[in-house]
file start.pdb (PDB, C-alpha atoms, pLDDT in the B column)
ATOM      1  CA  MET A  18     -20.650  14.261  19.142  1.00 60.00           C
ATOM      2  CA  ALA A  19     -22.695  11.483  17.659  1.00 77.00           C
ATOM      3  CA  ASN A  20     -22.529   7.938  18.973  1.00 90.00           C
ATOM      4  CA  LEU A  21     -19.055   7.949  20.522  1.00 91.00           C
ATOM      5  CA  GLN A  22     -17.706   4.682  21.930  1.00 92.00           C
ATOM      6  CA  ARG A  23     -15.250   4.393  24.783  1.00 92.00           C
ATOM      7  CA  VAL A  24     -12.049   2.458  24.001  1.00 91.00           C
ATOM      8  CA  ASN A  25      -8.773   1.872  25.797  1.00 93.00           C
ATOM      9  CA  LEU A  26      -5.519   2.520  23.977  1.00 91.00           C
ATOM     10  CA  LEU A  27      -2.041   1.608  25.054  1.00 95.00           C
ATOM     11  CA  LEU A  28       0.403   4.328  24.025  1.00 95.00           C
ATOM     12  CA  GLU A  29       4.072   4.779  24.582  1.00 96.00           C
ATOM     13  CA  ARG A  30       4.841   7.489  27.129  1.00 96.00           C
ATOM     14  CA  ARG A  31       6.294   9.808  24.488  1.00 97.00           C
ATOM     15  CA  GLN A  32       3.185   9.364  22.315  1.00 95.00           C
ATOM     16  CA  ARG A  33       0.885  10.285  25.196  1.00 96.00           C
ATOM     17  CA  GLU A  34       3.037  13.257  26.126  1.00 96.00           C
ATOM     18  CA  ALA A  35       3.123  14.479  22.521  1.00 96.00           C
ATOM     19  CA  LEU A  36      -0.662  14.170  22.244  1.00 96.00           C
ATOM     20  CA  GLU A  37      -1.186  16.041  25.502  1.00 97.00           C
ATOM     21  CA  ARG A  38       1.197  18.783  24.406  1.00 97.00           C
ATOM     22  CA  LEU A  39      -0.587  19.176  21.041  1.00 95.00           C
ATOM     23  CA  ALA A  40      -3.973  19.159  22.738  1.00 96.00           C
ATOM     24  CA  ARG A  41      -2.907  21.994  25.046  1.00 97.00           C
ATOM     25  CA  GLN A  42      -1.411  23.989  22.161  1.00 97.00           C
ATOM     26  CA  ARG A  43      -4.569  23.617  20.079  1.00 96.00           C
ATOM     27  CA  ASN A  44      -6.956  23.976  23.005  1.00 97.00           C
ATOM     28  CA  ARG A  45      -8.540  20.608  22.201  1.00 96.00           C
ATOM     29  CA  SER A  46      -8.903  17.308  23.984  1.00 96.00           C
ATOM     30  CA  VAL A  47      -6.583  14.364  23.460  1.00 96.00           C
ATOM     31  CA  SER A  48      -9.620  12.311  22.456  1.00 95.00           C
ATOM     32  CA  ASP A  49     -10.536  14.853  19.795  1.00 94.00           C
ATOM     33  CA  LEU A  50      -7.014  14.736  18.347  1.00 95.00           C
ATOM     34  CA  VAL A  51      -6.954  10.936  18.377  1.00 95.00           C
ATOM     35  CA  ARG A  52     -10.315  10.798  16.563  1.00 94.00           C
ATOM     36  CA  GLU A  53      -9.020  13.280  13.976  1.00 94.00           C
ATOM     37  CA  TYR A  54      -5.802  11.305  13.400  1.00 94.00           C
ATOM     38  CA  ILE A  55      -7.668   8.011  13.136  1.00 93.00           C
ATOM     39  CA  ALA A  56     -10.092   9.500  10.600  1.00 92.00           C
ATOM     40  CA  ALA A  57      -7.185  10.889   8.555  1.00 91.00           C
ATOM     41  CA  GLY A  58      -5.393   7.532   8.648  1.00 88.00           C
ATOM     42  CA  LEU A  59      -8.514   5.684   7.538  1.00 87.00           C
ATOM     43  CA  ARG A  60      -9.030   8.144   4.662  1.00 86.00           C
ATOM     44  CA  GLU A  61      -5.405   7.634   3.604  1.00 85.00           C
ATOM     45  CA  ASP A  62      -5.734   3.839   3.743  1.00 81.00           C
ATOM     46  CA  ASN A  63      -8.949   4.011   1.720  1.00 82.00           C
ATOM     47  CA  SER A  64      -7.317   6.309  -0.832  1.00 85.00           C
ATOM     48  CA  GLN A  65      -4.320   3.998  -1.219  1.00 83.00           C
ATOM     49  CA  GLN A  66      -6.592   0.984  -1.615  1.00 84.00           C
ATOM     50  CA  LYS A  67      -8.584   2.787  -4.314  1.00 87.00           C
ATOM     51  CA  GLU A  68      -5.329   3.610  -6.133  1.00 87.00           C
ATOM     52  CA  ARG A  69      -4.223  -0.041  -5.963  1.00 87.00           C
ATOM     53  CA  MET A  70      -7.601  -1.243  -7.237  1.00 88.00           C
ATOM     54  CA  LEU A  71      -7.500   1.257 -10.120  1.00 89.00           C
ATOM     55  CA  ALA A  72      -3.976   0.109 -11.036  1.00 90.00           C
ATOM     56  CA  LEU A  73      -5.136  -3.510 -10.968  1.00 89.00           C
ATOM     57  CA  GLU A  74      -8.145  -2.701 -13.169  1.00 90.00           C
ATOM     58  CA  ASN A  75      -5.866  -0.855 -15.605  1.00 91.00           C
ATOM     59  CA  ALA A  76      -3.477  -3.815 -15.719  1.00 89.00           C
ATOM     60  CA  ARG A  77      -6.345  -6.206 -16.401  1.00 89.00           C
ATOM     61  CA  ALA A  78      -7.694  -3.950 -19.161  1.00 91.00           C
ATOM     62  CA  LEU A  79      -4.236  -3.726 -20.715  1.00 89.00           C
ATOM     63  CA  THR A  80      -3.877  -7.520 -20.593  1.00 84.00           C
ATOM     64  CA  ALA A  81      -7.263  -7.906 -22.279  1.00 86.00           C
ATOM     65  CA  ARG A  82      -6.267  -5.441 -25.047  1.00 88.00           C
ATOM     66  CA  VAL A  83      -2.969  -7.239 -25.630  1.00 85.00           C
ATOM     67  CA  GLN A  84      -4.666 -10.631 -25.766  1.00 83.00           C
ATOM     68  CA  LYS A  85      -7.265  -9.300 -28.184  1.00 86.00           C
ATOM     69  CA  ARG A  86      -4.534  -7.826 -30.391  1.00 87.00           C
ATOM     70  CA  ARG A  87      -2.690 -11.163 -30.286  1.00 82.00           C
ATOM     71  CA  LYS A  88      -5.917 -12.977 -31.224  1.00 83.00           C
ATOM     72  CA  GLY A  89      -5.934 -15.047 -28.051  1.00 77.00           C
ATOM     73  CA  LYS A  90      -2.315 -16.212 -28.256  1.00 75.00           C
ATOM     74  CA  SER A  91      -0.842 -16.386 -24.799  1.00 71.00           C
ATOM     75  CA  VAL A  92       1.470 -13.640 -23.673  1.00 67.00           C
ATOM     76  CA  THR A  93       4.948 -14.680 -22.526  1.00 70.00           C
ATOM     77  CA  LYS A  94       5.049 -14.946 -18.779  1.00 75.00           C
ATOM     78  CA  SER A  95       7.270 -12.067 -17.695  1.00 79.00           C
ATOM     79  CA  VAL A  96       8.167 -13.780 -14.418  1.00 79.00           C
ATOM     80  CA  GLU A  97       9.525 -16.787 -16.294  1.00 83.00           C
ATOM     81  CA  VAL A  98      11.500 -14.535 -18.644  1.00 86.00           C
ATOM     82  CA  LEU A  99      12.957 -12.563 -15.706  1.00 88.00           C
ATOM     83  CA  ASP A 100      13.877 -15.777 -13.875  1.00 88.00           C
ATOM     84  CA  ARG A 101      15.640 -17.081 -16.989  1.00 89.00           C
ATOM     85  CA  MET A 102      17.496 -13.780 -17.428  1.00 91.00           C
ATOM     86  CA  ARG A 103      18.573 -13.787 -13.770  1.00 92.00           C
ATOM     87  CA  GLU A 104      19.808 -17.358 -14.055  1.00 91.00           C
ATOM     88  CA  GLU A 105      21.725 -16.587 -17.247  1.00 91.00           C
ATOM     89  CA  ARG A 106      23.251 -13.453 -15.700  1.00 90.00           C
ATOM     90  CA  GLY A 107      24.189 -15.350 -12.543  1.00 90.00           C
ATOM     91  CA  ASN A 108      25.867 -18.050 -14.616  1.00 89.00           C
ATOM     92  CA  GLU A 109      27.676 -15.384 -16.606  1.00 88.00           C
ATOM     93  CA  LEU A 110      28.955 -13.698 -13.431  1.00 89.00           C
ATOM     94  CA  LEU A 111      30.075 -17.035 -11.987  1.00 88.00           C
ATOM     95  CA  GLY A 112      31.813 -17.977 -15.229  1.00 83.00           C
ATOM     96  CA  ARG A 113      29.508 -20.907 -15.911  1.00 74.00           C
ATOM     97  CA  ARG A 114      28.600 -21.901 -19.433  1.00 65.00           C
ATOM     98  CA  ARG A 115      25.305 -23.408 -20.455  1.00 56.00           C
TER      99      ARG A 115
END

call {"tool": "encode", "arguments": {"input": "start.pdb", "output": "structure tokens"}}
result
Amino acid sequence: MANLQRVNLLLERRQREALERLARQRNRSVSDLVREYIAAGLREDNSQQKERMLALENARALTARVQKRRKGKSVTKSVEVLDRMREERGNELLGRRR
């Protein structure tokens, strides 16, 4: 065990009991299980962040391709279009005319 640091955790009673039960079943320490779960959670967070960054890079690349194809002309702001559509639909549902 390389360079372990002592920390205090506050757990709910049922969490502590579940950890102790699992530790007994697996013949491991509670600390070992907690370290394993923390490592798995950090890997998952890192993986999700990488996926989000890749999606953002893909969106930026797509925007650049569209702008190049449009020869620099601005692309309609989708948020503005959606807001206008929502307003028009709301007016339609409320029986309002423009």

call {"tool": "atom_distance", "arguments": {"input": "start.pdb", "atom1": "atom CA of Leu36 of chain A", "atom2": "atom CA of Tyr54 of chain A"}}
result
10.6 Å

call {"tool": "closest_residue", "arguments": {"input": "start.pdb", "among": "A:Ser64, A:Asn25, A:Arg33, A:Ala19", "to": "Leu50 of chain A", "atoms": "all atoms listed in the file"}}
result
A:Arg33

call {"tool": "resolve_selection", "arguments": {"input": "start.pdb", "expression": "the PyMOL selection byres ((chain A and resi 47) around 12)", "output": "PyMOL selection string"}}
result
chain A and resi 26+32-46+48-54

call {"tool": "atom_distance", "arguments": {"input": "start.pdb", "atom1": "atom CA of Ala56 of chain A", "atom2": "atom CA of Val24 of chain A"}}
result
15.3 Å

call {"tool": "atom_distance", "arguments": {"input": "start.pdb", "atom1": "atom CA of Asn63 of chain A", "atom2": "atom CA of Ala76 of chain A"}}
result
19.9 Å
